[in-house]
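Peer 1: So that you have it, the file is structure.txt, and it contains compact mmCIF, C-alpha atoms and all ligand atoms:
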# COMPACT_ATOMS: atom_id res chain seq x y z
CA MET A 1350 10.92 20.79 16.55
CA LEU A 1351 11.37 18.29 13.71
CA TYR A 1352 9.06 17.80 10.73
CA ALA A 1353 8.69 14.93 8.24
CA HIS A 1354 8.40 16.22 4.68
CA ILE A 1355 7.48 14.14 1.65
CA ALA A 1356 10.58 14.30 -0.54
CA GLY A 1357 9.82 11.61 -3.11
CA TRP A 1358 6.99 9.46 -4.43
CA GLY A 1359 6.56 6.62 -6.88
CA ARG A 1360 4.18 3.96 -8.03
CA PHE A 1361 4.32 0.65 -9.83
CA LEU A 1362 1.48 -1.03 -11.69
CA PRO A 1363 1.78 -4.37 -13.49
CA ASP A 1364 1.27 -4.22 -17.27
CA ARG A 1365 -1.56 -6.76 -17.42
CA VAL A 1366 -4.94 -4.98 -17.59
CA LEU A 1367 -8.04 -6.92 -16.49
CA THR A 1368 -11.22 -5.36 -17.88
CA ASN A 1369 -14.77 -5.58 -16.55
CA ASP A 1370 -15.74 -7.49 -19.68
CA GLU A 1371 -13.14 -10.17 -18.96
CA ILE A 1372 -14.51 -10.62 -15.42
CA SER A 1373 -18.04 -10.80 -16.84
CA ARG A 1374 -17.00 -13.91 -18.72
CA GLN A 1375 -16.03 -15.61 -15.43
CA VAL A 1376 -18.86 -14.59 -13.05
CA ASP A 1377 -22.46 -13.42 -13.37
CA THR A 1378 -21.88 -9.67 -13.75
CA ASP A 1379 -21.46 -7.03 -16.46
CA HIS A 1380 -19.54 -3.85 -17.17
CA GLU A 1381 -22.62 -1.68 -16.64
CA TRP A 1382 -23.19 -2.99 -13.08
CA ILE A 1383 -19.52 -2.79 -12.08
CA TYR A 1384 -18.93 0.70 -13.49
CA SER A 1385 -22.18 2.24 -12.24
CA ARG A 1386 -21.95 0.68 -8.72
CA THR A 1387 -18.21 1.20 -8.16
CA GLY A 1388 -16.67 3.53 -10.77
CA ILE A 1389 -14.17 0.80 -11.75
CA ASN A 1390 -13.40 0.20 -15.42
CA GLU A 1391 -10.31 -1.95 -15.21
CA ARG A 1392 -7.59 -3.06 -12.80
CA ARG A 1393 -4.04 -4.42 -13.04
CA LEU A 1394 -3.03 -8.00 -12.44
CA ALA A 1395 0.43 -9.09 -11.25
CA GLN A 1396 1.87 -11.81 -13.43
CA GLY A 1397 5.59 -12.24 -12.77
CA GLU A 1398 5.52 -9.58 -10.04
CA THR A 1399 5.27 -10.25 -6.30
CA THR A 1400 4.23 -7.90 -3.51
CA ALA A 1401 7.92 -7.37 -2.69
CA THR A 1402 9.08 -6.72 -6.26
CA MET A 1403 6.25 -4.22 -6.82
CA ALA A 1404 7.09 -2.54 -3.49
CA PHE A 1405 10.74 -2.36 -4.54
CA GLU A 1406 9.88 -0.75 -7.89
CA ALA A 1407 7.72 1.91 -6.22
CA ALA A 1408 10.38 2.57 -3.56
CA ALA A 1409 13.18 2.86 -6.14
CA ARG A 1410 11.15 5.47 -8.04
CA ALA A 1411 10.42 7.41 -4.85
CA LEU A 1412 14.12 7.37 -3.91
CA ALA A 1413 15.08 8.65 -7.37
CA ARG A 1414 12.63 11.56 -6.96
CA ALA A 1415 14.04 12.31 -3.51
CA ASP A 1416 17.52 12.17 -5.01
CA MET A 1417 18.64 9.74 -2.31
CA HIS A 1418 21.00 6.78 -2.38
CA PRO A 1419 19.64 3.58 -0.77
CA SER A 1420 22.54 3.52 1.68
CA GLN A 1421 21.09 6.72 3.23
CA VAL A 1422 17.73 5.11 4.03
CA GLU A 1423 17.14 4.52 7.75
CA LEU A 1424 13.66 2.98 7.93
CA ILE A 1425 11.44 1.00 5.53
CA ILE A 1426 7.79 0.32 6.37
CA VAL A 1427 5.60 -1.78 4.08
CA ALA A 1428 1.86 -1.71 4.66
CA THR A 1429 0.39 -4.84 3.12
CA ALA A 1430 -2.18 -7.58 3.61
CA THR A 1431 -0.59 -9.78 0.97
CA ALA A 1432 2.96 -10.37 2.13
CA GLU A 1433 4.55 -13.51 0.67
CA TYR A 1434 5.73 -14.49 4.14
CA VAL A 1435 4.51 -13.91 7.68
CA PHE A 1436 8.24 -13.45 8.15
CA PRO A 1437 10.59 -12.30 6.76
CA ALA A 1438 8.79 -8.99 6.35
CA THR A 1439 8.22 -7.73 2.81
CA ALA A 1440 10.06 -4.63 4.03
CA SER A 1441 13.19 -6.74 4.65
CA LEU A 1442 13.02 -8.11 1.09
CA VAL A 1443 12.68 -4.55 -0.21
CA GLN A 1444 15.62 -3.47 1.96
CA ASP A 1445 17.71 -6.23 0.38
CA TYR A 1446 16.60 -5.45 -3.21
CA LEU A 1447 17.39 -1.77 -2.68
CA GLY A 1448 20.72 -2.43 -0.99
CA ALA A 1449 19.55 -0.18 1.86
CA THR A 1450 22.22 -1.59 4.15
CA ARG A 1451 21.65 0.85 7.02
CA ALA A 1452 17.84 0.61 7.22
CA GLY A 1453 15.51 -1.01 9.72
CA ALA A 1454 12.50 -2.67 8.08
CA PHE A 1455 9.10 -3.98 9.13
CA ASP A 1456 5.62 -4.71 7.76
CA LEU A 1457 2.45 -3.17 9.08
CA SER A 1458 -1.02 -4.69 9.03
CA ALA A 1459 -3.92 -2.24 8.96
CA ALA A 1460 -5.59 -3.30 5.68
CA CYS A 1461 -6.67 -0.39 3.47
CA SER A 1462 -5.70 2.16 6.17
CA GLY A 1463 -2.17 0.69 6.31
CA PHE A 1464 -0.43 3.37 4.29
CA VAL A 1465 -1.72 6.22 6.49
CA TYR A 1466 -0.83 4.18 9.61
CA GLY A 1467 2.67 3.72 8.13
CA LEU A 1468 3.01 7.47 7.48
CA SER A 1469 2.06 8.11 11.09
CA MET A 1470 4.68 5.64 12.41
CA ALA A 1471 7.40 7.06 10.17
CA ASN A 1472 6.43 10.62 11.11
CA GLY A 1473 6.72 9.70 14.80
CA ALA A 1474 10.14 8.11 14.27
CA ILE A 1475 11.38 11.22 12.43
CA GLN A 1476 9.89 13.69 14.92
CA SER A 1477 11.41 11.81 17.86
CA GLY A 1478 14.82 12.06 16.21
CA SER A 1479 15.35 8.29 16.02
CA VAL A 1480 15.64 8.32 12.20
CA ARG A 1481 16.35 11.05 9.67
CA ASN A 1482 14.30 9.55 6.85
CA ALA A 1483 11.96 6.71 5.99
CA ILE A 1484 10.33 5.02 3.02
CA VAL A 1485 6.65 4.20 3.52
CA ILE A 1486 5.25 1.75 0.99
CA GLY A 1487 1.77 0.35 0.35
CA ALA A 1488 1.94 -2.82 -1.77
CA GLU A 1489 -0.65 -5.47 -2.58
CA ARG A 1490 -1.07 -8.51 -4.74
CA LEU A 1491 -4.78 -8.85 -4.02
CA SER A 1492 -5.40 -11.08 -7.06
CA LEU A 1493 -3.94 -13.98 -5.04
CA VAL A 1494 -6.44 -13.59 -2.19
CA THR A 1495 -9.48 -12.67 -4.28
CA ASP A 1496 -12.24 -15.24 -4.49
CA TRP A 1497 -12.70 -15.21 -8.25
CA THR A 1498 -16.08 -16.97 -7.89
CA ASP A 1499 -17.56 -14.23 -5.65
CA ARG A 1500 -19.01 -11.45 -7.82
CA GLY A 1501 -19.53 -9.26 -4.75
CA THR A 1502 -15.75 -8.86 -4.30
CA CYS A 1503 -13.83 -10.07 -7.36
CA VAL A 1504 -14.87 -7.05 -9.43
CA LEU A 1505 -13.24 -4.66 -6.97
CA PHE A 1506 -9.60 -5.51 -6.42
CA GLY A 1507 -6.35 -4.87 -8.26
CA ASP A 1508 -2.58 -5.22 -7.76
CA GLY A 1509 0.10 -2.54 -7.44
CA ALA A 1510 2.35 -0.55 -5.14
CA GLY A 1511 3.05 3.06 -4.18
CA ALA A 1512 5.69 4.67 -1.98
CA VAL A 1513 6.81 7.94 -0.48
CA VAL A 1514 10.13 9.03 0.99
CA LEU A 1515 9.92 11.14 4.14
CA LYS A 1516 12.82 13.36 5.12
CA ARG A 1517 13.52 15.17 8.37
CA SER A 1518 13.55 18.97 8.33
CA HIS A 1519 13.52 21.84 10.80
CA VAL A 1520 11.27 23.79 8.42
CA PRO A 1521 7.61 23.61 9.54
CA GLY A 1522 5.44 21.64 7.11
CA GLY A 1523 5.18 18.09 5.80
CA ILE A 1524 2.92 15.88 7.90
CA LEU A 1525 0.90 18.31 10.02
CA ALA A 1526 -1.51 15.96 11.80
CA THR A 1527 -2.66 12.35 11.80
CA THR A 1528 -5.57 10.47 13.37
CA LEU A 1529 -5.73 6.68 13.68
CA ARG A 1530 -8.84 4.69 14.60
CA SER A 1531 -9.90 1.06 14.93
CA ASP A 1532 -13.09 -0.82 15.80
CA GLY A 1533 -12.36 -4.54 16.04
CA SER A 1534 -16.03 -5.32 16.71
CA GLY A 1535 -16.40 -4.97 12.93
CA ALA A 1536 -13.74 -7.60 12.20
CA ASP A 1537 -16.26 -9.89 10.52
CA MET A 1538 -17.32 -7.20 8.04
CA LEU A 1539 -14.13 -7.46 6.00
CA SER A 1540 -11.53 -10.16 6.56
CA LEU A 1541 -8.80 -12.30 5.06
CA PRO A 1542 -8.35 -15.43 7.20
CA ASN A 1543 -4.80 -16.79 7.25
CA HIS A 1544 -4.15 -20.06 5.44
CA HIS A 1545 -2.78 -21.66 8.61
CA GLN A 1546 -5.86 -20.73 10.72
CA ASN A 1547 -8.83 -22.98 10.01
CA ASN A 1548 -10.77 -22.16 13.12
CA ILE A 1549 -11.89 -18.57 12.81
CA PRO A 1550 -14.63 -17.88 15.36
CA PHE A 1551 -16.28 -14.89 13.73
CA LEU A 1552 -16.70 -16.34 10.23
CA ALA A 1553 -20.36 -17.05 9.54
CA PRO A 1554 -20.89 -20.76 8.79
CA GLU A 1555 -21.83 -20.09 5.18
CA PHE A 1556 -18.38 -18.63 4.66
CA SER A 1557 -16.43 -21.51 6.08
CA PRO A 1558 -17.74 -24.88 4.89
CA ASN A 1559 -14.54 -26.90 4.46
CA GLY A 1560 -12.61 -23.69 5.12
CA GLN A 1561 -13.17 -22.64 1.49
CA HIS A 1562 -12.87 -18.94 2.21
CA VAL A 1563 -9.70 -19.29 4.23
CA GLY A 1564 -7.00 -17.37 2.36
CA LYS A 1565 -9.62 -15.32 0.47
CA ILE A 1566 -11.15 -11.91 1.13
CA THR A 1567 -14.65 -12.00 2.60
CA MET A 1568 -16.68 -8.79 2.78
CA ASN A 1569 -20.14 -7.54 3.65
CA GLY A 1570 -20.09 -4.75 1.08
CA ARG A 1571 -23.17 -2.87 2.29
CA GLN A 1572 -21.97 -2.75 5.90
CA VAL A 1573 -18.48 -1.61 4.90
CA PHE A 1574 -20.04 1.03 2.65
CA ARG A 1575 -22.09 2.36 5.59
CA PHE A 1576 -19.09 2.26 7.95
CA ALA A 1577 -17.00 4.26 5.47
CA THR A 1578 -19.59 6.95 4.74
CA ASN A 1579 -20.30 7.35 8.47
CA ASN A 1580 -16.69 7.61 9.68
CA VAL A 1581 -14.60 9.11 6.89
CA PRO A 1582 -16.09 12.64 6.93
CA GLU A 1583 -15.64 12.86 10.70
CA ILE A 1584 -11.99 11.75 10.71
CA ILE A 1585 -11.16 14.19 7.90
CA GLU A 1586 -12.68 17.12 9.81
CA GLU A 1587 -11.05 16.04 13.08
CA THR A 1588 -7.57 15.79 11.51
CA VAL A 1589 -7.88 19.07 9.62
CA ALA A 1590 -8.87 20.78 12.91
CA LYS A 1591 -5.91 19.10 14.67
CA ALA A 1592 -3.65 20.77 12.09
CA ASN A 1593 -5.24 24.12 13.05
CA LEU A 1594 -6.83 24.42 9.61
CA THR A 1595 -10.35 24.45 8.19
CA MET A 1596 -11.81 22.55 5.23
CA LYS A 1597 -11.42 25.78 3.21
CA ASP A 1598 -7.63 25.38 3.48
CA VAL A 1599 -7.73 21.91 1.91
CA SER A 1600 -6.68 21.79 -1.77
CA LEU A 1601 -7.04 18.07 -2.39
CA ILE A 1602 -8.31 14.93 -0.64
CA ILE A 1603 -6.79 11.60 -1.67
CA PRO A 1604 -9.07 8.89 -0.30
CA HIS A 1605 -8.65 5.13 -0.31
CA GLN A 1606 -9.95 4.13 -3.75
CA ALA A 1607 -12.75 1.72 -2.85
CA ASN A 1608 -15.88 3.01 -4.52
CA VAL A 1609 -16.69 6.28 -6.28
CA ARG A 1610 -20.12 6.31 -4.59
CA ILE A 1611 -18.45 6.28 -1.15
CA ILE A 1612 -16.37 9.28 -2.22
CA GLU A 1613 -19.47 11.15 -3.50
CA ASN A 1614 -21.27 10.43 -0.23
CA VAL A 1615 -18.34 11.67 1.85
CA ALA A 1616 -18.09 14.84 -0.28
CA ARG A 1617 -21.81 15.51 0.24
CA LYS A 1618 -21.52 15.03 4.01
CA LEU A 1619 -18.52 17.37 4.17
CA GLY A 1620 -20.30 19.94 1.99
CA VAL A 1621 -17.41 20.04 -0.50
CA PRO A 1622 -17.46 19.40 -4.28
CA ASP A 1623 -16.57 15.91 -5.57
CA THR A 1624 -13.77 17.56 -7.51
CA LEU A 1625 -11.88 18.16 -4.24
CA PHE A 1626 -11.27 14.38 -4.23
CA PHE A 1627 -8.69 12.71 -6.44
CA THR A 1628 -9.82 9.41 -7.95
CA ASN A 1629 -8.10 6.90 -10.18
CA LEU A 1630 -10.09 3.79 -9.34
CA ASP A 1631 -11.54 3.60 -12.85
CA LYS A 1632 -8.09 2.46 -14.03
CA VAL A 1633 -6.66 0.59 -11.03
CA GLY A 1634 -9.60 -0.57 -8.88
CA ASN A 1635 -9.17 -1.06 -5.16
CA THR A 1636 -5.53 -1.84 -4.33
CA SER A 1637 -6.03 -1.71 -0.53
CA ALA A 1638 -2.90 -0.35 1.24
CA ALA A 1639 -1.38 0.63 -2.11
CA SER A 1640 -4.29 2.77 -3.27
CA ILE A 1641 -3.40 6.07 -1.55
CA PRO A 1642 0.30 6.23 -2.53
CA ILE A 1643 -0.54 5.14 -6.11
CA ALA A 1644 -3.20 7.88 -6.29
CA LEU A 1645 -0.80 10.41 -4.73
CA SER A 1646 1.81 9.73 -7.43
CA GLU A 1647 -0.83 10.08 -10.13
CA ALA A 1648 -2.16 13.29 -8.58
CA VAL A 1649 1.33 14.82 -8.76
CA LYS A 1650 1.68 13.69 -12.37
CA ALA A 1651 -1.72 15.24 -13.17
CA ASN A 1652 -0.59 18.58 -11.63
CA ARG A 1653 -3.24 18.35 -8.94
CA LEU A 1654 -0.71 19.31 -6.24
CA ARG A 1655 1.18 22.58 -6.08
CA PRO A 1656 3.70 23.90 -3.57
CA ASP A 1657 2.06 24.85 -0.25
CA ASP A 1658 -1.14 22.95 -1.01
CA VAL A 1659 -2.76 21.18 1.92
CA VAL A 1660 -3.66 17.59 1.06
CA VAL A 1661 -5.64 15.11 3.16
CA LEU A 1662 -4.92 11.39 2.84
CA VAL A 1663 -7.68 9.18 4.23
CA GLY A 1664 -7.90 5.39 4.42
CA PHE A 1665 -10.54 2.96 5.69
CA GLY A 1666 -11.06 -0.78 5.64
CA GLY A 1667 -10.49 -4.09 7.39
CA GLY A 1668 -10.05 -4.16 11.13
CA LEU A 1669 -12.13 -2.14 11.02
CA THR A 1670 -9.58 0.63 10.72
CA TRP A 1671 -9.66 4.18 9.45
CA ALA A 1672 -7.04 6.91 9.44
CA ALA A 1673 -6.34 10.38 8.07
CA SER A 1674 -3.28 12.52 7.61
CA VAL A 1675 -3.02 16.22 6.74
CA VAL A 1676 0.10 17.03 4.71
CA LYS A 1677 1.54 20.33 3.52
CA TRP A 1678 2.81 19.71 0.01
CA ASP A 1679 6.04 21.62 -0.01
CA VAL A 1680 8.36 19.64 -2.21
CA THR A 1681 9.78 20.80 -5.50
CA PRO A 1682 10.73 17.71 -7.49
CA PRO A 1683 14.26 17.69 -8.89
CA ASP A 1684 14.54 17.29 -12.66
CA VAL A 1685 15.52 13.69 -13.19
CA THR A 1686 16.54 12.81 -16.76
CA LEU A 1687 16.02 9.34 -18.21
CA LEU A 1688 19.82 8.84 -18.34
CA ASP A 1689 20.04 9.83 -14.67
CA ARG A 1690 17.34 7.35 -13.77
CA GLU A 1691 18.93 4.45 -15.68
CA TRP A 1692 22.33 5.23 -14.21
CA LYS A 1693 20.83 5.29 -10.71
CA ARG A 1694 19.18 1.91 -11.30
CA ALA A 1695 22.60 0.34 -11.82
CA LYS A 1696 23.06 0.40 -8.03
CA TYR A 1697 20.20 -2.11 -7.65
CA VAL A 1698 22.03 -4.58 -9.90
CA TRP A 1699 24.98 -4.11 -7.55
CA ALA A 1700 22.64 -4.68 -4.54
CA ARG A 1701 21.41 -7.99 -6.05
CA GLY A 1702 25.02 -9.06 -6.62
CA ARG A 1703 25.98 -8.17 -3.06
CA SER A 1704 22.94 -10.01 -1.67
CA GLN A 1705 23.84 -13.15 -3.68
CA ALA A 1706 27.45 -12.91 -2.50
CA ARG A 1707 26.33 -12.58 1.15
CA ARG A 1708 24.11 -15.68 0.76
CA PHE A 1709 26.95 -17.60 -0.84
CA PHE A 1710 29.48 -16.72 1.87
CA ARG A 1711 26.92 -17.44 4.59
CA GLN A 1712 26.34 -20.92 3.13
CA MET A 1713 30.05 -21.53 2.78
CA GLY A 1714 30.56 -20.37 6.37
CA ALA A 1715 27.83 -22.74 7.57
CA ARG A 1716 29.43 -25.67 5.71
CA LEU A 1717 32.85 -24.94 7.08
CA SER A 1718 31.60 -24.49 10.62
CA ARG A 1719 29.71 -27.83 10.37
CA SER A 1720 32.74 -29.82 9.32
CA PRO A 1721 34.50 -29.98 12.76
CA ASN A 1722 31.33 -31.56 14.26
CA LYS A 1723 31.24 -34.06 11.44
CA MET A 1724 34.87 -34.86 12.10
CA ILE A 1725 34.13 -35.37 15.81
CA GLU A 1726 31.10 -37.55 14.97
CA SER A 1727 33.01 -39.65 12.48
CA GLY A 1728 35.82 -39.94 15.09
CA ARG A 1729 33.31 -41.25 17.66
CA LYS A 1730 31.97 -43.83 15.20
CA LYS A 1731 35.45 -45.16 14.75
O1 LIG A 1801 -11.25 -1.63 0.56
C1 LIG A 1801 -11.94 -1.88 1.72
C2 LIG A 1801 -13.17 -1.14 1.80
N1 LIG A 1801 -14.16 -1.74 0.92
C3 LIG A 1801 -15.18 -1.01 0.56
O2 LIG A 1801 -15.23 0.13 0.88
C4 LIG A 1801 -16.30 -1.65 -0.21
C5 LIG A 1801 -17.60 -1.02 0.21
N2 LIG A 1801 -18.76 -1.59 -0.47
C6 LIG A 1801 -19.02 -1.39 -1.76
O3 LIG A 1801 -18.26 -0.76 -2.47
C7 LIG A 1801 -20.31 -1.90 -2.30
O4 LIG A 1801 -21.10 -2.38 -1.23
C8 LIG A 1801 -20.16 -3.03 -3.34
C9 LIG A 1801 -19.60 -2.45 -4.63
C10 LIG A 1801 -19.24 -4.11 -2.84
C11 LIG A 1801 -21.51 -3.63 -3.65
O5 LIG A 1801 -22.40 -2.61 -4.11
P1 LIG A 1801 -23.85 -2.47 -3.47
O6 LIG A 1801 -24.52 -1.41 -4.20
O7 LIG A 1801 -23.67 -2.28 -1.99
O8 LIG A 1801 -24.49 -3.84 -3.83
P2 LIG A 1801 -25.14 -4.89 -2.82
O9 LIG A 1801 -24.09 -5.70 -2.16
O10 LIG A 1801 -26.16 -4.20 -1.98
O11 LIG A 1801 -25.90 -5.80 -3.84
C12 LIG A 1801 -26.99 -5.31 -4.65
C13 LIG A 1801 -27.37 -6.36 -5.66
C14 LIG A 1801 -27.52 -7.74 -5.05
O12 LIG A 1801 -28.56 -8.40 -5.74
P3 LIG A 1801 -30.01 -8.52 -5.09
O13 LIG A 1801 -29.81 -9.23 -3.79
O14 LIG A 1801 -30.46 -7.09 -4.91
O15 LIG A 1801 -30.77 -9.28 -6.10
C15 LIG A 1801 -26.23 -8.43 -5.39
O16 LIG A 1801 -26.35 -9.83 -5.48
O17 LIG A 1801 -26.33 -6.47 -6.62
C16 LIG A 1801 -25.92 -7.83 -6.72
N3 LIG A 1801 -24.51 -7.85 -7.05
C17 LIG A 1801 -24.07 -7.85 -8.31
N4 LIG A 1801 -24.72 -7.87 -9.48
C18 LIG A 1801 -23.97 -7.87 -10.61
C19 LIG A 1801 -23.45 -7.85 -6.18
N5 LIG A 1801 -22.31 -7.85 -6.89
C20 LIG A 1801 -22.68 -7.87 -8.20
C21 LIG A 1801 -21.95 -7.87 -9.40
N6 LIG A 1801 -22.63 -7.87 -10.57
N7 LIG A 1801 -20.60 -7.86 -9.43
As a first step, turn the structure in this file into structure tokens.

Peer 2:
Amino acid sequence: MLYAHIAGWGRFLPDRVLTNDEISRQVDTDHEWIYSRTGINERRLAQGETTATMAFEAAARALARADMHPSQVELIIVATATAEYVFPATASLVQDYLGATRAGAFDLSAACSGFVYGLSMANGAIQSGSVRNAIVIGAERLSLVTDWTDRGTCVLFGDGAGAVVLKRSHVPGGILATTLRSDGSGADMLSLPNHHQNNIPFLAPEFSPNGQHVGKITMNGRQVFRFATNNVPEIIEETVAKANLTMKDVSLIIPHQANVRIIENVARKLGVPDTLFFTNLDKVGNTSAASIPIALSEAVKANRLRPDDVVVLVGFGGGLTWAASVVKWDVTPPDVTLLDREWKRAKYVWARGRSQARRFFRQMGARLSRSPNKMIESGRKK
């Protein structure tokens, strides 16, 4: 039997902080409403960063913690709703930035549940023996798809990325159980219509005059709130039972960071204290697929996870989708000095150089292989 253990973790947040007060100057809202209704104080805004560069930064940090060289990586999964391209996948860009020359790479679309879906896919690939390790990343640049005139949504979202490295082991532990769910009948409750699709049947007319919400997040907050508080407690209990454990065995729950009131409601329904849940949404807001791995990295930093702890990761959001994973926290992080870290980063400069060289030689090859045709054509003209 093979097990997928979390061997490394990392997060990246852009430097630019966007406060509630700043948003209040743009739309009809105020800090008091935002903080009391959501628990959010501030969020980060990508400036020069893209979804792929943030994903790369988080992945590089997770690899350093796992003490792994990029050439050892076999699979890269990026969960995101804000990829720069439909294709190539953000995961392929990350693979290139890392210089992970032996890795397969793909993106996964399951909105705010995407990171837990990604963990489940990577766990399956490791357990089946098809790969020995994987990087699972959640990365979002939600500021690009936020409707900054809609006070019902623009106060919620932030940018960032988080990642974990999973490694194969024969030692029992790591990811113990996962449950994935979807209910597409709730697609209209939370959606992000693609720019190239103007004819979305389920969008209510008020949301689509002249296609103005295409390319922007649309949400019925109250309905999503109800969906989350109804389904999250159940999926947590179901997944904990699947791992042959009880709620008493759980040391920490890291939920998707959407709203502190959702978390309080879920805690009440489960009959556990709020303190069992880790939250960081006051500082980062809702970063969709990135929220759980960012929170996980911060929970480790805050000493909220100790060896042999059982932690539940639970996501919910667009689709509708929801998902939970029960993980035995059995990693002991290696001591990585600053010098070590800087030295290790040098390999990414090398990866950029190699990528540029490959592009250059590919272009040269294309030019050279075109020239015989040109010669034939110019011969015909004569
Ligand atoms: O990540 C994916 C999952 N997403 C979620 O889980 C989000 C779930 N939903 C929520 O977190 C909450 O529903 C929101 C934070 C989005 C909204 O909070 P709410 O308590 O459900 O507010 P509401 O939509 O019921 O609106 C209550 C009132 C309305 O005014 P009226 O109609 O009562 O006069 C809104 O117009 O609050 C008003 N309102 C605001 N007022 C000031 C809505 N947004 C704002 C705002 N500032 N930003």

Peer 1: List the neighbours of Arg1451 (chain A) out to 9 Å using all atoms listed in the file; skip same-chain residues closer than 3 positions along the sequence, and give me the result as a list in words.

Peer 2: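 Contacts, in chain order: Pro1419, Ser1420, Gln1421, Val1422, Glu1423, Leu1424, Gln1444 and Gly1448 of chain A.
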
Peer 1: Kindly indicate which residue among A:Asn1580, A:Asn1472, A:Ser1640, A:Gln1606 lies nearest to Leu1351 (chain A), using all atoms listed in the file for the distances.

Peer 2: A:Asn1472

Peer 1: Write as number ranges by chain the residues around ligand LIG 1801 (chain A), taking 6 Å as the cut-off and counting only C-alpha atoms and all ligand atoms.

Peer 2: A: 1378, 1382-1383, 1386-1387, 1461, 1500-1501, 1504, 1570-1571, 1573-1574, 1607-1608, 1637, 1666

Peer 1: What does the distance from CA of Phe1436 (chain A) to CA of Ser1492 (chain A) come to in Å, to one decimal?

Peer 2: 20.6 Å

Peer 1: At a cut-off of 12 Å, using all atoms listed in the file, what residues contact Leu1493 (chain A)? Leave out same-chain residues fewer than 6 positions from it and give the result as an mmCIF file with C-alpha atoms, in the coordinates of the input.

Peer 2:
data_model
loop_
_atom_site.group_PDB
_atom_site.id
_atom_site.type_symbol
_atom_site.label_atom_id
_atom_site.label_comp_id
_atom_site.auth_asym_id
_atom_site.auth_seq_id
_atom_site.Cartn_x
_atom_site.Cartn_y
_atom_site.Cartn_z
ATOM 1 C CA LEU A 1394 -3.030 -8.000 -12.440
ATOM 2 C CA ALA A 1395 0.430 -9.090 -11.250
ATOM 3 C CA GLN A 1396 1.870 -11.810 -13.430
ATOM 4 C CA GLU A 1398 5.520 -9.580 -10.040
ATOM 5 C CA THR A 1399 5.270 -10.250 -6.300
ATOM 6 C CA THR A 1400 4.230 -7.900 -3.510
ATOM 7 C CA ALA A 1430 -2.180 -7.580 3.610
ATOM 8 C CA THR A 1431 -0.590 -9.780 0.970
ATOM 9 C CA ALA A 1432 2.960 -10.370 2.130
ATOM 10 C CA GLU A 1433 4.550 -13.510 0.670
ATOM 11 C CA CYS A 1503 -13.830 -10.070 -7.360
ATOM 12 C CA PHE A 1506 -9.600 -5.510 -6.420
ATOM 13 C CA GLY A 1507 -6.350 -4.870 -8.260
ATOM 14 C CA ASP A 1508 -2.580 -5.220 -7.760
ATOM 15 C CA LEU A 1541 -8.800 -12.300 5.060
ATOM 16 C CA GLY A 1564 -7.000 -17.370 2.360
ATOM 17 C CA LYS A 1565 -9.620 -15.320 0.470
ATOM 18 C CA ILE A 1566 -11.150 -11.910 1.130
#

Peer 1: Tell me, as a PyMOL selection string, which residues lie within 6 Å of region 1359-1376 of chain A, counting all atoms listed in the file; anything in the same chain fewer than 3 positions away does not count.

Peer 2: chain A and resi 1379-1380+1391-1395+1407+1410-1411+1509-1512+1643+1646

Peer 1: For the residues in that selection, give me C-alpha atoms as an mmCIF file, in the frame of the given file.

Peer 2:
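Once written, again19.cif looks like this:
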data_model
loop_
_atom_site.group_PDB
_atom_site.id
_atom_site.type_symbol
_atom_site.label_atom_id
_atom_site.label_comp_id
_atom_site.auth_asym_id
_atom_site.auth_seq_id
_atom_site.Cartn_x
_atom_site.Cartn_y
_atom_site.Cartn_z
ATOM 1 C CA ASP A 1379 -21.460 -7.030 -16.460
ATOM 2 C CA HIS A 1380 -19.540 -3.850 -17.170
ATOM 3 C CA GLU A 1391 -10.310 -1.950 -15.210
ATOM 4 C CA ARG A 1392 -7.590 -3.060 -12.800
ATOM 5 C CA ARG A 1393 -4.040 -4.420 -13.040
ATOM 6 C CA LEU A 1394 -3.030 -8.000 -12.440
ATOM 7 C CA ALA A 1395 0.430 -9.090 -11.250
ATOM 8 C CA ALA A 1407 7.720 1.910 -6.220
ATOM 9 C CA ARG A 1410 11.150 5.470 -8.040
ATOM 10 C CA ALA A 1411 10.420 7.410 -4.850
ATOM 11 C CA GLY A 1509 0.100 -2.540 -7.440
ATOM 12 C CA ALA A 1510 2.350 -0.550 -5.140
ATOM 13 C CA GLY A 1511 3.050 3.060 -4.180
ATOM 14 C CA ALA A 1512 5.690 4.670 -1.980
ATOM 15 C CA ILE A 1643 -0.540 5.140 -6.110
ATOM 16 C CA SER A 1646 1.810 9.730 -7.430
#

Peer 1: Between A:Ala1644, A:Val1649, A:Leu1525, A:Ala1577, which one has atoms that come closest to Lys1591 (chain A), using all atoms listed in the file?

Peer 2: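 Distance minimum relative to Lys1591 (chain A) lands on A:Leu1525.
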
Peer 1: What does the distance between CA of Ile1425 (chain A) and CA of Thr1636 (chain A) come to in Å, to one decimal place?

Peer 2: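 Spanning CA of Ile1425 (chain A) to CA of Thr1636 (chain A) is a straight-line distance of 19.8 Å.
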
Peer 1: Tell me which protein, DNA and RNA residues are within 10 Å of region 1514-1522 of chain A, counting only C-alpha atoms, leaving out same-chain ones fewer than 3 positions away, and put them as number ranges by chain.

Peer 2: A: 1350-1359, 1408-1415, 1417, 1422, 1424-1425, 1468, 1471-1472, 1474-1476, 1478, 1480-1486, 1525, 1657, 1659, 1676-1680

Peer 1: Point out the residue among A:Leu1717, A:Ile1641, A:Met1538, A:Ala1401 with the least atom-to-atom distance to Arg1490 (chain A), counting only C-alpha atoms.

Peer 2: A:Ala1401
